[in-house]
Every structure is written in structure tokens, then in C-alpha cells.
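**Q** This is upload_5.cif (mmCIF, C-alpha atoms).
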data_work
loop_
_atom_site.label_atom_id
_atom_site.label_comp_id
_atom_site.auth_asym_id
_atom_site.auth_seq_id
_atom_site.Cartn_x
_atom_site.Cartn_y
_atom_site.Cartn_z
CA MET K 292 1.50 -16.49 -16.50
CA PRO K 293 1.10 -15.04 -13.01
CA SER K 294 -2.01 -13.16 -12.02
CA VAL K 295 -1.73 -9.41 -12.49
CA ASN K 296 -4.57 -8.77 -10.14
CA PRO K 297 -3.21 -6.75 -7.22
CA LEU K 298 -6.29 -7.44 -5.16
CA VAL K 299 -6.04 -11.19 -5.44
CA ALA K 300 -3.43 -13.20 -3.58
CA ASP K 301 -0.60 -14.37 -5.79
CA ASP K 302 2.63 -16.18 -5.23
CA LYS K 303 4.78 -13.30 -6.42
CA ASP K 304 4.71 -9.66 -7.35
CA ALA K 305 3.73 -9.49 -10.99
CA TRP K 306 2.88 -5.83 -11.17
CA PHE K 307 5.57 -4.50 -13.44
CA GLU K 308 6.25 -7.79 -15.17
CA ALA K 309 2.70 -7.65 -16.50
CA ASP K 310 3.39 -4.64 -18.72
CA SER K 311 4.71 -5.44 -22.16
CA PRO K 312 7.75 -3.50 -23.40
CA ALA K 313 5.54 -1.88 -26.06
CA TRP K 314 3.08 -0.66 -23.43
CA ARG K 315 5.88 0.65 -21.25
CA ALA K 316 7.35 2.49 -24.22
CA ALA K 317 3.95 3.98 -25.07
CA CYS K 318 3.50 5.09 -21.46
CA GLY K 319 6.98 6.59 -21.47
CA SER K 320 6.19 8.63 -24.60
CA PHE K 321 2.88 9.73 -23.13
CA ASP K 322 4.56 10.77 -19.89
CA ARG K 323 7.19 12.78 -21.76
CA ALA K 324 4.49 14.51 -23.78
CA VAL K 325 2.52 15.29 -20.63
CA GLY K 326 5.67 16.53 -18.94
CA GLY K 327 6.20 18.92 -21.83
CA LEU K 328 2.58 20.02 -21.97
CA SER K 329 2.45 20.62 -18.24
CA ARG K 330 5.05 23.35 -18.66
CA LEU K 331 2.37 25.29 -20.48
CA GLY K 332 -0.03 24.79 -17.60
CA PHE K 333 -0.55 21.63 -15.61
CA ARG K 334 -4.15 22.35 -14.67
CA ARG K 335 -5.06 22.96 -18.29
CA THR K 336 -3.35 19.69 -19.18
CA VAL K 337 -5.36 17.85 -16.53
CA ARG K 338 -8.61 19.37 -17.78
CA THR K 339 -7.77 18.46 -21.37
CA LEU K 340 -6.81 14.91 -20.45
CA GLY K 341 -10.05 14.56 -18.52
CA LEU K 342 -12.00 15.60 -21.59
CA ILE K 343 -10.06 13.24 -23.84
CA GLY K 344 -10.56 10.40 -21.33
CA ARG K 345 -14.32 10.98 -21.25
CA LEU K 346 -14.56 11.15 -25.04
CA ALA K 347 -12.43 8.01 -25.44
CA CYS K 348 -14.69 6.23 -23.01
CA ARG K 349 -17.84 7.40 -24.76
CA ALA K 350 -16.41 6.29 -28.10
CA GLY K 351 -15.55 2.89 -26.65
CA LEU K 352 -11.80 3.41 -27.17
CA GLN K 353 -11.08 2.71 -23.51
CA GLY K 354 -12.91 1.18 -20.61
CA PRO K 355 -14.78 0.84 -18.49
CA SER K 356 -18.17 0.16 -19.97
CA ALA K 357 -21.33 1.10 -18.11
CA ARG K 358 -22.01 -2.62 -17.79
CA GLU K 359 -18.74 -3.15 -15.91
CA VAL K 360 -19.60 -0.29 -13.58
CA LEU K 361 -23.04 -1.76 -12.95
CA ARG K 362 -21.57 -5.13 -12.07
CA LEU K 363 -19.73 -3.58 -9.12
CA PHE K 364 -22.23 -0.83 -8.31
CA PRO K 365 -25.60 -2.40 -9.11
CA PHE K 366 -27.57 0.35 -7.38
CA LEU K 367 -26.66 2.90 -10.09
CA SER K 368 -29.09 3.73 -12.88
CA GLU K 369 -27.99 3.12 -16.47
CA ALA K 370 -27.40 6.83 -16.96
CA ALA K 371 -25.43 7.16 -13.72
CA ALA K 372 -23.34 4.11 -14.63
CA SER K 373 -22.49 5.67 -18.02
CA ALA K 374 -21.54 8.96 -16.37
CA THR K 375 -19.46 7.07 -13.79
CA ALA K 376 -17.70 5.13 -16.55
CA ARG K 377 -16.76 8.36 -18.27
CA CYS K 378 -15.41 9.80 -15.01
CA ILE K 379 -13.29 6.68 -14.54
CA GLY K 380 -11.99 7.06 -18.10
CA ALA K 381 -11.09 10.69 -17.37
CA LEU K 382 -9.42 9.74 -14.10
CA ARG K 383 -7.23 7.23 -15.89
CA LEU K 384 -5.63 9.83 -18.16
CA GLN K 385 -5.50 12.53 -15.49
CA ASN K 386 -3.62 10.19 -13.19
CA ARG K 387 -1.05 9.47 -15.85
CA ALA K 388 -0.36 13.20 -15.82
CA SER K 389 0.28 13.30 -12.07
CA SER K 390 2.29 10.08 -12.29
CA ALA K 391 4.43 11.59 -15.04
CA LEU K 392 5.28 14.52 -12.80
CA ALA K 393 5.80 12.51 -9.61
CA VAL K 394 7.92 9.82 -11.21
CA GLY K 395 9.80 12.43 -13.24
CA GLY K 396 10.82 14.31 -10.10
CA ARG K 397 8.59 17.32 -10.83
CA LEU K 398 6.42 17.20 -7.75
CA HIS K 399 6.64 20.98 -7.43
CA ARG K 400 4.34 21.32 -10.45
CA LEU K 401 1.86 18.93 -8.88
CA SER K 402 2.10 20.81 -5.59
CA ALA K 403 1.28 24.04 -7.42
CA ALA K 404 -2.00 22.46 -8.54
CA LEU K 405 -3.11 21.60 -5.00
CA GLY K 406 -6.56 22.85 -4.03
CA ALA K 407 -8.17 22.12 -0.69
CA VAL K 408 -6.29 19.94 1.76
CA SER K 409 -8.56 18.73 4.54
CA GLY K 410 -7.35 16.89 7.61
CA GLY K 411 -3.94 18.50 7.37
CA GLN K 412 -3.99 18.67 11.16
CA PHE K 413 -3.51 14.91 11.32
CA LEU K 414 -0.35 15.18 9.26
CA GLU K 415 0.86 18.15 11.25
CA ALA K 416 0.11 16.43 14.57
CA ALA K 417 1.93 13.32 13.42
CA THR K 418 5.06 15.24 12.47
CA LYS K 419 5.04 17.51 15.53
CA SER K 420 4.03 15.08 18.26
CA ARG K 421 6.14 12.28 16.75
CA ARG K 422 3.25 9.92 17.41
CA PRO K 423 3.58 6.85 15.17
CA SER K 424 1.25 7.45 12.23
CA LEU K 425 0.58 5.58 9.02
CA PHE K 426 -1.05 7.41 6.13
CA VAL K 427 -2.86 4.93 3.95
CA GLU K 428 -3.39 5.48 0.24
CA TRP K 429 -5.34 3.33 -2.19
CA HIS K 430 -5.55 2.78 -5.92
CA ILE K 431 -8.49 5.15 -6.15
CA GLY K 432 -8.95 8.87 -6.80
CA ALA K 433 -6.18 11.18 -7.95
CA ALA K 434 -2.69 9.77 -7.78
CA PHE K 435 0.16 11.30 -5.77
CA GLY K 436 -2.02 13.85 -3.93
CA LEU K 437 -0.40 13.20 -0.58
CA SER K 438 3.08 13.30 -2.12
CA ALA K 439 2.24 16.77 -3.44
CA VAL K 440 1.19 17.90 0.05
CA LEU K 441 4.34 16.47 1.64
CA HIS K 442 6.43 18.24 -0.99
CA ARG K 443 4.63 21.56 -0.63
CA ASP K 444 4.75 21.60 3.14
CA ARG K 445 8.26 20.14 3.27
CA LEU K 446 7.12 17.45 5.68
CA ASP K 447 9.45 14.63 6.44
CA ALA K 448 7.73 11.29 5.86
CA LEU K 449 8.79 7.94 4.51
CA VAL K 450 6.82 7.06 1.38
CA LEU K 451 7.24 3.32 1.27
CA ARG K 452 6.65 2.98 -2.45
CA ASN K 453 9.63 5.27 -3.12
CA LEU K 454 12.04 2.72 -1.65
CA PRO K 455 13.66 0.56 -4.31
CA VAL K 456 12.25 -2.94 -4.19
CA GLN K 457 13.64 -5.54 -6.52
CA SER K 458 13.82 -8.59 -4.31
CA GLY K 459 12.21 -10.12 -1.27
CA ASN K 460 15.12 -8.91 0.82
CA ASP K 461 14.42 -5.35 -0.35
CA ARG K 462 10.84 -5.71 0.84
CA THR K 463 12.04 -6.93 4.23
CA ARG K 464 14.46 -4.01 4.44
CA ALA K 465 11.73 -1.54 3.44
CA LEU K 466 9.44 -2.83 6.18
CA ALA K 467 12.25 -2.78 8.74
CA THR K 468 12.99 0.83 7.72
CA ALA K 469 9.30 1.66 8.16
CA VAL K 470 9.36 0.15 11.66
CA ASP K 471 12.40 2.29 12.54
CA CYS K 472 10.73 5.43 11.15
CA LEU K 473 7.48 4.88 13.02
CA ARG K 474 9.30 4.22 16.25
CA ALA K 475 11.24 7.45 15.74
CA GLY K 476 7.95 9.31 15.16
CA ARG K 477 8.40 9.84 11.42
CA PRO K 478 5.14 9.35 9.47
CA VAL K 479 5.02 6.55 6.91
CA VAL K 480 2.90 6.52 3.76
CA VAL K 481 1.73 3.13 2.52
CA LEU K 482 -0.54 1.71 -0.15
CA LEU K 483 -2.97 -0.79 1.28
CA ASP K 484 -4.36 -2.37 -1.87
CA ALA K 485 -0.89 -2.57 -3.40
CA PRO K 486 0.18 -5.25 -5.85
CA GLY K 487 0.20 -8.98 -5.22
CA GLY K 488 2.85 -10.56 -3.09
CA THR K 489 2.49 -13.37 -0.61
CA ALA K 490 1.98 -11.31 2.55
CA THR K 491 -1.68 -10.57 2.08
CA ARG K 492 -4.78 -10.42 4.21
CA PRO K 493 -8.17 -11.31 2.71
CA VAL K 494 -11.12 -8.99 3.30
CA ASP K 495 -14.64 -8.57 1.97
CA CYS K 496 -15.29 -5.34 0.11
CA LEU K 497 -18.13 -4.47 -2.27
CA GLY K 498 -19.29 -8.07 -2.25
CA ARG K 499 -15.88 -9.42 -3.37
CA ARG K 500 -13.16 -11.27 -1.53
CA ILE K 501 -10.11 -9.11 -2.15
CA VAL K 502 -6.75 -8.89 -0.41
CA PHE K 503 -4.84 -6.05 1.21
CA ARG K 504 -1.12 -6.08 1.84
CA ARG K 505 -0.36 -7.36 5.33
CA GLY K 506 2.65 -5.12 5.91
CA PRO K 507 0.73 -1.98 6.97
CA PHE K 508 -1.29 -3.94 9.54
CA MET K 509 1.85 -5.49 10.96
CA LEU K 510 3.39 -2.00 11.16
CA ALA K 511 0.31 -0.67 12.98
CA ARG K 512 0.42 -3.60 15.41
CA VAL K 513 4.10 -3.58 16.34
CA THR K 514 4.51 0.20 16.55
CA GLY K 515 1.05 1.17 17.83
CA ALA K 516 0.67 3.50 14.84
CA GLN K 517 -2.63 5.12 13.94
CA MET K 518 -3.87 4.48 10.40
CA HIS K 519 -5.23 7.51 8.55
CA PRO K 520 -6.94 6.88 5.19
CA VAL K 521 -6.03 9.44 2.51
CA VAL K 522 -7.81 10.09 -0.79
CA SER K 523 -7.33 12.76 -3.42
CA ARG K 524 -9.54 13.83 -6.30
CA TRP K 525 -9.34 16.04 -9.35
CA ARG K 526 -11.54 19.07 -9.48
CA HIS K 527 -13.15 20.20 -12.73
CA ASP K 528 -10.72 23.14 -12.85
CA GLY K 529 -7.72 20.80 -12.78
CA ARG K 530 -6.89 21.39 -9.14
CA LEU K 531 -6.15 18.54 -6.79
CA ASP K 532 -8.04 18.19 -3.51
CA VAL K 533 -6.57 15.98 -0.82
CA ALA K 534 -8.50 14.61 2.17
CA ILE K 535 -6.68 13.10 5.12
CA HIS K 536 -9.23 11.30 7.25
CA GLU K 537 -9.48 10.49 10.93
CA ALA K 538 -7.61 7.42 12.04
CA LEU K 539 -9.34 4.07 11.72
CA ALA K 540 -10.48 2.70 15.05
CA ARG K 541 -7.79 0.45 16.48
CA PRO K 542 -9.01 -2.89 17.71
CA PRO K 543 -8.49 -3.60 21.40
CA SER K 544 -5.34 -5.49 22.24
CA LEU K 545 -5.76 -8.86 20.65
CA ASP K 546 -3.43 -11.55 19.45
CA ARG K 547 -1.54 -10.93 16.22
CA ASP K 548 -4.01 -12.48 13.79
CA SER K 549 -7.14 -11.13 15.44
CA PHE K 550 -5.71 -7.60 15.63
CA GLU K 551 -4.68 -7.55 11.98
CA ALA K 552 -7.88 -9.20 10.77
CA SER K 553 -9.98 -6.73 12.71
CA LEU K 554 -8.05 -3.69 11.48
CA ALA K 555 -8.14 -5.00 7.90
CA GLU K 556 -11.92 -5.39 8.13
CA THR K 557 -12.21 -1.83 9.43
CA ALA K 558 -10.08 -0.61 6.51
CA ALA K 559 -12.19 -2.59 4.03
CA ARG K 560 -15.38 -1.13 5.45
CA TRP K 561 -13.87 2.34 5.12
CA LEU K 562 -12.92 1.69 1.48
CA GLN K 563 -16.35 0.26 0.72
CA ARG K 564 -18.11 3.24 2.26
CA TYR K 565 -15.93 5.64 0.29
CA LEU K 566 -16.43 3.85 -3.02
CA LEU K 567 -20.18 3.50 -2.53
CA ALA K 568 -20.32 7.26 -2.09
CA ASN K 569 -17.78 7.94 -4.85
CA PRO K 570 -17.97 5.16 -7.45
CA ASP K 571 -16.50 7.58 -10.01
CA GLN K 572 -13.21 7.60 -8.07
CA ILE K 573 -12.33 3.96 -8.61
CA TRP K 574 -9.46 3.36 -11.01
CA LEU K 575 -10.16 1.36 -14.14
CA PHE K 576 -7.81 -1.44 -13.21
CA THR K 577 -9.02 -1.43 -9.60
CA LEU K 578 -12.58 -1.83 -10.89
CA ARG K 579 -11.52 -4.72 -13.10
CA ASN K 580 -9.54 -6.31 -10.29
CA PHE K 581 -12.60 -6.17 -8.06
CA LEU K 582 -14.62 -7.79 -10.81
CA ALA K 583 -11.98 -10.52 -11.20
CA ALA K 584 -11.91 -11.28 -7.48
CA PRO K 585 -14.02 -14.12 -6.09
CA LEU K 586 -17.40 -13.28 -4.62
CA ALA K 587 -17.53 -12.79 -0.86
CA ALA K 588 -19.27 -15.49 1.14
CA GLU K 589 -21.70 -12.94 2.52
CA ARG K 590 -23.02 -10.29 0.19
CA PRO K 591 -25.36 -7.83 1.84
CA PRO K 592 -27.11 -5.56 -0.69
CA LEU K 593 -25.03 -2.51 -1.60
CA THR K 594 -26.61 0.88 -1.17
CA PRO K 595 -24.86 4.22 -1.50
CA PRO K 596 -24.57 6.26 1.69
CA ILE K 597 -25.14 9.47 -0.27
CA PRO K 598 -26.65 10.15 -3.74
CA ALA K 599 -24.36 8.73 -6.41
CA VAL K 600 -22.94 10.48 -9.46
CA SER K 601 -25.70 11.96 -11.57
CA MET W 267 18.08 -14.22 27.93
CA THR W 268 21.72 -13.65 28.70
CA GLU W 269 24.59 -13.97 26.30
CA GLY W 270 24.94 -17.49 25.00
CA THR W 271 26.83 -19.44 22.44
CA THR W 272 25.82 -19.12 18.82
CA ARG W 273 24.27 -22.57 19.09
CA ASP W 274 22.10 -21.56 22.07
CA VAL W 275 20.99 -18.38 20.35
CA ALA W 276 20.26 -20.28 17.14
CA ALA W 277 18.09 -22.72 19.09
CA ALA W 278 16.19 -19.81 20.63
CA VAL W 279 15.74 -18.18 17.20
CA ARG W 280 14.43 -21.49 15.88
CA GLU W 281 11.93 -21.62 18.73
CA LEU W 282 10.79 -18.08 17.94
CA LEU W 283 10.39 -19.09 14.32
CA ARG W 284 8.34 -22.11 15.36
CA ARG W 285 6.04 -19.89 17.44
CA LEU W 286 5.76 -17.19 14.79
CA ALA W 287 5.26 -19.39 11.74
CA PRO W 288 4.38 -22.91 12.79
CA GLY W 289 3.45 -23.72 9.21
CA ALA W 290 6.96 -22.92 8.03
CA CYS W 291 8.52 -25.45 10.40
CA GLU W 292 5.98 -28.17 9.83
CA GLY W 293 7.29 -30.94 7.61
CA ARG W 294 10.36 -28.92 6.66
CA GLN W 295 13.94 -29.44 7.64
CA ILE W 296 15.12 -25.94 8.51
CA GLY W 297 18.82 -25.98 9.16
CA ASP W 298 20.88 -23.13 10.52
CA ASP W 299 21.86 -22.18 6.97
CA THR W 300 18.48 -22.67 5.32
CA PRO W 301 17.32 -19.39 3.73
CA LEU W 302 14.27 -18.15 5.57
CA ASP W 303 12.66 -16.74 2.43
CA GLY W 304 10.75 -18.55 -0.30
CA ARG W 305 13.81 -20.60 -1.24
CA GLY W 306 13.85 -22.34 2.11
CA ALA W 307 11.55 -21.82 5.08
CA GLY W 308 9.06 -19.92 2.95
CA LEU W 309 8.67 -16.88 5.20
CA ASP W 310 7.30 -13.84 3.37
CA SER W 311 8.78 -10.37 3.87
CA VAL W 312 6.38 -9.46 6.68
CA ALA W 313 7.08 -12.68 8.59
CA ARG W 314 10.83 -12.12 8.26
CA VAL W 315 10.53 -8.64 9.74
CA GLU W 316 8.35 -10.02 12.52
CA LEU W 317 10.97 -12.64 13.30
CA LEU W 318 13.68 -9.97 13.53
CA LEU W 319 11.49 -7.86 15.81
CA GLU W 320 10.76 -10.87 18.01
CA CYS W 321 14.49 -11.55 18.23
CA GLU W 322 15.15 -7.94 19.20
CA GLN W 323 12.62 -8.24 21.98
CA GLU W 324 13.75 -11.67 23.14
CA PHE W 325 17.44 -10.87 23.26
CA GLY W 326 17.15 -7.18 24.14
CA VAL W 327 19.30 -6.10 21.22
CA ARG W 328 18.90 -4.04 18.11
CA LEU W 329 19.51 -5.93 14.89
CA ALA W 330 21.20 -3.62 12.46
CA GLN W 331 19.92 -3.10 8.94
CA SER W 332 23.27 -4.48 7.85
CA LEU W 333 21.85 -7.91 8.64
CA LEU W 334 19.51 -7.41 5.70
CA ASP W 335 22.22 -5.97 3.50
CA GLU W 336 24.37 -9.06 3.64
CA GLY W 337 22.08 -11.35 1.69
CA CYS W 338 19.35 -13.77 2.63
CA LEU W 339 18.42 -14.32 6.26
CA THR W 340 19.27 -17.60 7.95
CA ILE W 341 19.02 -18.71 11.55
CA ARG W 342 22.82 -18.77 11.81
CA ARG W 343 23.19 -15.20 10.52
CA ILE W 344 20.55 -13.90 12.91
CA ALA W 345 22.22 -15.73 15.80
CA GLU W 346 25.62 -14.30 14.88
CA HIS W 347 24.19 -10.78 14.69
CA VAL W 348 22.44 -11.20 18.02
CA GLN W 349 25.72 -12.23 19.62
CA ARG W 350 27.58 -9.40 17.96
CA ALA W 351 24.92 -6.93 19.12
CA GLN W 352 25.06 -8.31 22.65
CA ALA W 353 28.81 -7.96 22.67
CA GLY W 354 28.62 -4.46 21.19
CA GLY W 355 25.86 -3.34 23.52
CA ALA W 356 23.33 -2.39 20.83
CA THR W 357 20.10 -2.46 22.78
CA ALA W 358 16.59 -2.73 21.39
CA PRO W 359 14.52 0.46 21.18
#
Re-express the file's structure as C-alpha cells.
**A**
Amino acid sequence: MPSVNPLVADDKDAWFEADSPAWRAACGSFDRAVGGLSRLGFRRTVRTLGLIGRLACRAGLQGPSAREVLRLFPFLSEAAASATARCIGALRLQNRASSALAVGGRLHRLSAALGAVSGGQFLEAATKSRRPSLFVEWHIGAAFGLSAVLHRDRLDALVLRNLPVQSGNDRTRALATAVDCLRAGRPVVVLLDAPGGTATRPVDCLGRRIVFRRGPFMLARVTGAQMHPVVSRWRHDGRLDVAIHEALARPPSLDRDSFEASLAETAARWLQRYLLANPDQIWLFTLRNFLAAPLAAERPPLTPPIPAVS
Amino acid sequence: MTEGTTRDVAAAVRELLRRLAPGACEGRQIGDDTPLDGRGAGLDSVARVELLLECEQEFGVRLAQSLLDEGCLTIRRIAEHVQRAQAGGATAP
């Protein structure tokens, strides 16, 4: 049985294979129901799912437990860890709602729920100046926020995860397409902590030794693209805020390995800083994957940069 | 590099492969028709793209996506595409 941990190196992609047919069927039914409900009001659906997620977490029907949260974020108090766990439970169901719309080709409904979009100038600059730009998403926060922005603003970007990938050759073709797009000045959206695969780069994050996909770093190196982290989050009113951040600092010209290792460490530091400030934005399975990853060789004490969830 | 025979180009591609992924060539017999993916040389998707980009730079050609549409990559297929691109005048970006 292959590892299903996307943050741990594996010899093959086991992401979708890990789901049982029963689970996939259940998710399909849920997505159809959400798709139907969202016609009545997507924001209301998101709010309701958030409430259900919190209650299910409180009742112990779904994870995470406060203990799991404390294992990754030991600086939280018991009460803050419980509150964080409930937020993560809410996030899980809310993200299924946005996934249902995005995968079902109903991005316009997700776009209609957009709230504040900060850092839009980076996206605009990338599309206007044709400067090679990578927009990096993670398995944290609200899902498909950037896709909603791209759809709303009718911006032309290649979203790598939308390309069909069923074989290794497809992955090679997808990366080659991304190189072509970046060279032509078309922005590319990538997931950095995406599932398994062999092309990975190990990094330390939150005291664990996790892996990022190597592809985005190779793309940044060969095309000179800037890497902008992007995160989205659900508001209490069911709106979706999207934040496009300043580009990560590019390492000076180094050899291939040193450049990619340095940029990967910068990205890991960015992710760590974000999650320390927003532990409630980590996805349930991302949390569990962190916990399943080996401990980092060096583990400086973790402290939040700003007051944590109360 | 100027236009050469398929054999010359294949030798140059093999050298690029050796530089790019020394581990893949070590202790392995990589023939011209050995798949470069996990079934043969063991290059992952990123390394395969890097090899194609290196070839584009080395030979000053653009390797069409069709190279990836025709099945698994081998040294011979890359060499043939390089020659075809050189003959057709498809230059690297």
C-alpha cells in the first residue's frame, strides 16, 4: 500500500488511488447536494457547512482533535487548540463546497462569493507586463480562491492542476506546457505541497521534514519566474477573501540544486510563518500529513508571530 | 553544435543526460531505445523536462510538444526530433 501522504516523498502518485470507491461515491453525492443547495445561496451554504463542520468536530464525528492540533502547534492553549480544531473541521466542509463548484464547472457562483482580493496588482502586472510569474497555492485555507479571481477578472493563466495527468508522460507534457506559458508571459498557477510523486524537494517546516514538489522550483529557475504565494480564507459571512502576496525572494544565481534548495527553504519559511499566524487555516489532511512526516533535524521552538486564534 | 548524424546527436544527448542526472547513468545500461522514465533510466517528470530544455539550448532548436505526444522519451527519439528541428529550422526561444 503506497503512502498517501502528499508531504512525504513516495515512489508514485497515490493521491486519487487512496480514496475508496465508497468514499468517492459519498463525496460525489455530497458535491451534488452542495451544488443544488448553492443555487439557493452559496454564501448561506458555506455558513451552514461551517456550522455543521464545527458541530461535527465538537461531537467528535470528524477530526482533528485538540490534541492533534497541539502536537503541531504546541504554543496554543488547550482552549485555543479546541477552537482551532473546530475551525479546521469547518474549513473541511466549506472547502468541499468550493470544490464542488470548481470541479463542476460552476466557478461563476464561487466568483460571486468573492470578498476582498488583496495583491491583485501582482496578478495584473503579471498579465500586462508578460513577466514570467508563478502563483503558488497550498493545501491550506479556502480552496479555489485564485481560480475564482481568474474567472471573475477573465485573466488568462494556466492552472497546472487543470491539465489532465494520468501518466508520467502527461506530467512531463504539463511541465513543458508551463515552461512555454511562462516564457510567453502567461501566468502559471501551481500547488507547491501537491501530492507525492518522485520529483520532490525536502524542506523543514513546523519542525517536520516535509517535501514540496520540485516542478515549480525548476520552472522558476529555467524561466526566471517570480513566485507569489497565494492564500484564500472563508469569512464568517460566507464570502471568500483572497490574498496574493509579494514574490518570494529569488536566490542569487546559483547552480541548479543550490538555487532550488534555497528557494524551497524560502517557500517553507513563508508557509511556516503563515501557519504559525493562522493555525486554523491548515487543512485536516495537511495537518495529519505534517504529523506523519519525520521530525526535522533541527527544531527551533515554535512561536506565533501574532496572537493565535482565541 | 552544427547538424550531425543521428548517432552524433544521440551521443551528445547521452552526455547531457550524464551531466544532468549522473545517478541515472551510473550502473545502468542506457541504450538509445531505453525509456528515460521509471521503466528505464529512471528520470522523473521534472528531470525529463530539464533534459529537453538542455537539448533545446545545446542544439539551438525547439523541441515540439509532439515529441511528448508520441509515447515515452528515448535518446533516439530526442535525437531524431533534434535533427528534424534542425532541418526544419525550428529555433529555440
**Q** Please report the interatomic distance between atom CA of Leu363 of chain K and atom CA of Ser390 of chain K in Å with one decimal.
**A**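 These two atoms are separated by 26.1 Å.
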**Q** Report, in Å with one decimal, the straight-line distance from atom CA of Pro585 of chain K to atom CA of Ile501 of chain K.
**A**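 Between these atoms lies a distance of 7.5 Å.
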**Q** Give the answer as one residue: which of W:Arg342, W:Arg280, W:Arg273, W:Arg285 has the shortest atom-to-atom distance to chain K, using all atoms listed in the file?
**A**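 Using all atoms listed in the file, the shortest distance to chain K belongs to W:Arg285.
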**Q** Got a sec to pull out which chain K residues are within 12 Å of chain W, counting all atoms listed in the file, and send them as an NGL selection string?
**A** :K and (302-304 or 456 or 458-475 or 488-492 or 504-510 or 512-514 or 546-548)
**Q** As a VMD selection string, please: the residues near Ala277 of chain W (cut-off 9 Å, all atoms listed in the file, same-chain neighbours under 5 positions excluded).
**A** chain W and resid 272 282 341 345
**Q** Given the PyMOL selection byres ((chain K and resi 530) around 9) and the file above, list the residues it selects as a ChimeraX atom specification.
**A** /K:334,337,403-407,524-529,531-532
**Q** Of the candidates K:Gly515, K:Gly351, K:Gly326, K:Pro520, which one gets nearest to Leu482 of chain K if we count only C-alpha atoms?
**A**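 The answer is K:Pro520, which sits nearest to Leu482 of chain K.
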**Q** Which residues would end up in the selection if the PyMOL selection byres ((chain W and resi 307) around 10) were applied here, given that I need the answer as a ChimeraX atom specification?
**A** /W:283,287,289-292,294-297,300-306,308-310,340
**Q** List the residues matched by the PyMOL selection byres ((chain K and resi 376) around 9) in the displayed structure as a PyMOL selection string, ordered by chain and then by residue number.
**A** chain K and resi 345+348-349+354-360+371-375+377-381+571+575
**Q** Excluding same-chain residues fewer than 6 positions from Ala516 of chain K, what lies within 7 Å of it counting all atoms listed in the file, as a VMD selection string?
**A** chain K and resid 423 to 425
**Q** List the spatial neighbours of Ile344 of chain W as a list in words - criterion: any atom at most 9 Å away, all atoms listed in the file, same-chain residues fewer than 6 positions off excluded.
**A**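 Here the answer would be Val275, Ala276, Val279, Leu318, Cys321, Leu329 and Leu333 of chain W.
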**Q** Could you give me the axis-aligned bounding box of segment 496-502 of chain K, with 4 Å of padding per side, as centre plus edge lengths in Å to one decimal, as lines of an AutoDock Vina configuration file?
**A**
center_x = -13.0
center_y = -7.9
center_z = -1.6
size_x = 20.5
size_y = 14.8
size_z = 11.5
**Q** Taking 5 positions as the minimum chain separation for residues in the same chain, which residues sit within 9 Å of segment 413-416 of chain K when counting all atoms listed in the file? Answer as number ranges by chain.
**A** K: 421-422, 424, 426, 446, 478, 519, 535-538
**Q** Could you tell me how far atom CA of Ser438 of chain K lies from atom CA of Leu398 of chain K, in Å and to one decimal?
**A** 7.6 Å
**Q** Would you please work out which residue, of K:Phe333, K:Ala370, K:Ala587, K:Ala448, is nearest to Leu401 of chain K when using only C-alpha atoms?
**A**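 The closest residue to Leu401 of chain K is K:Phe333.
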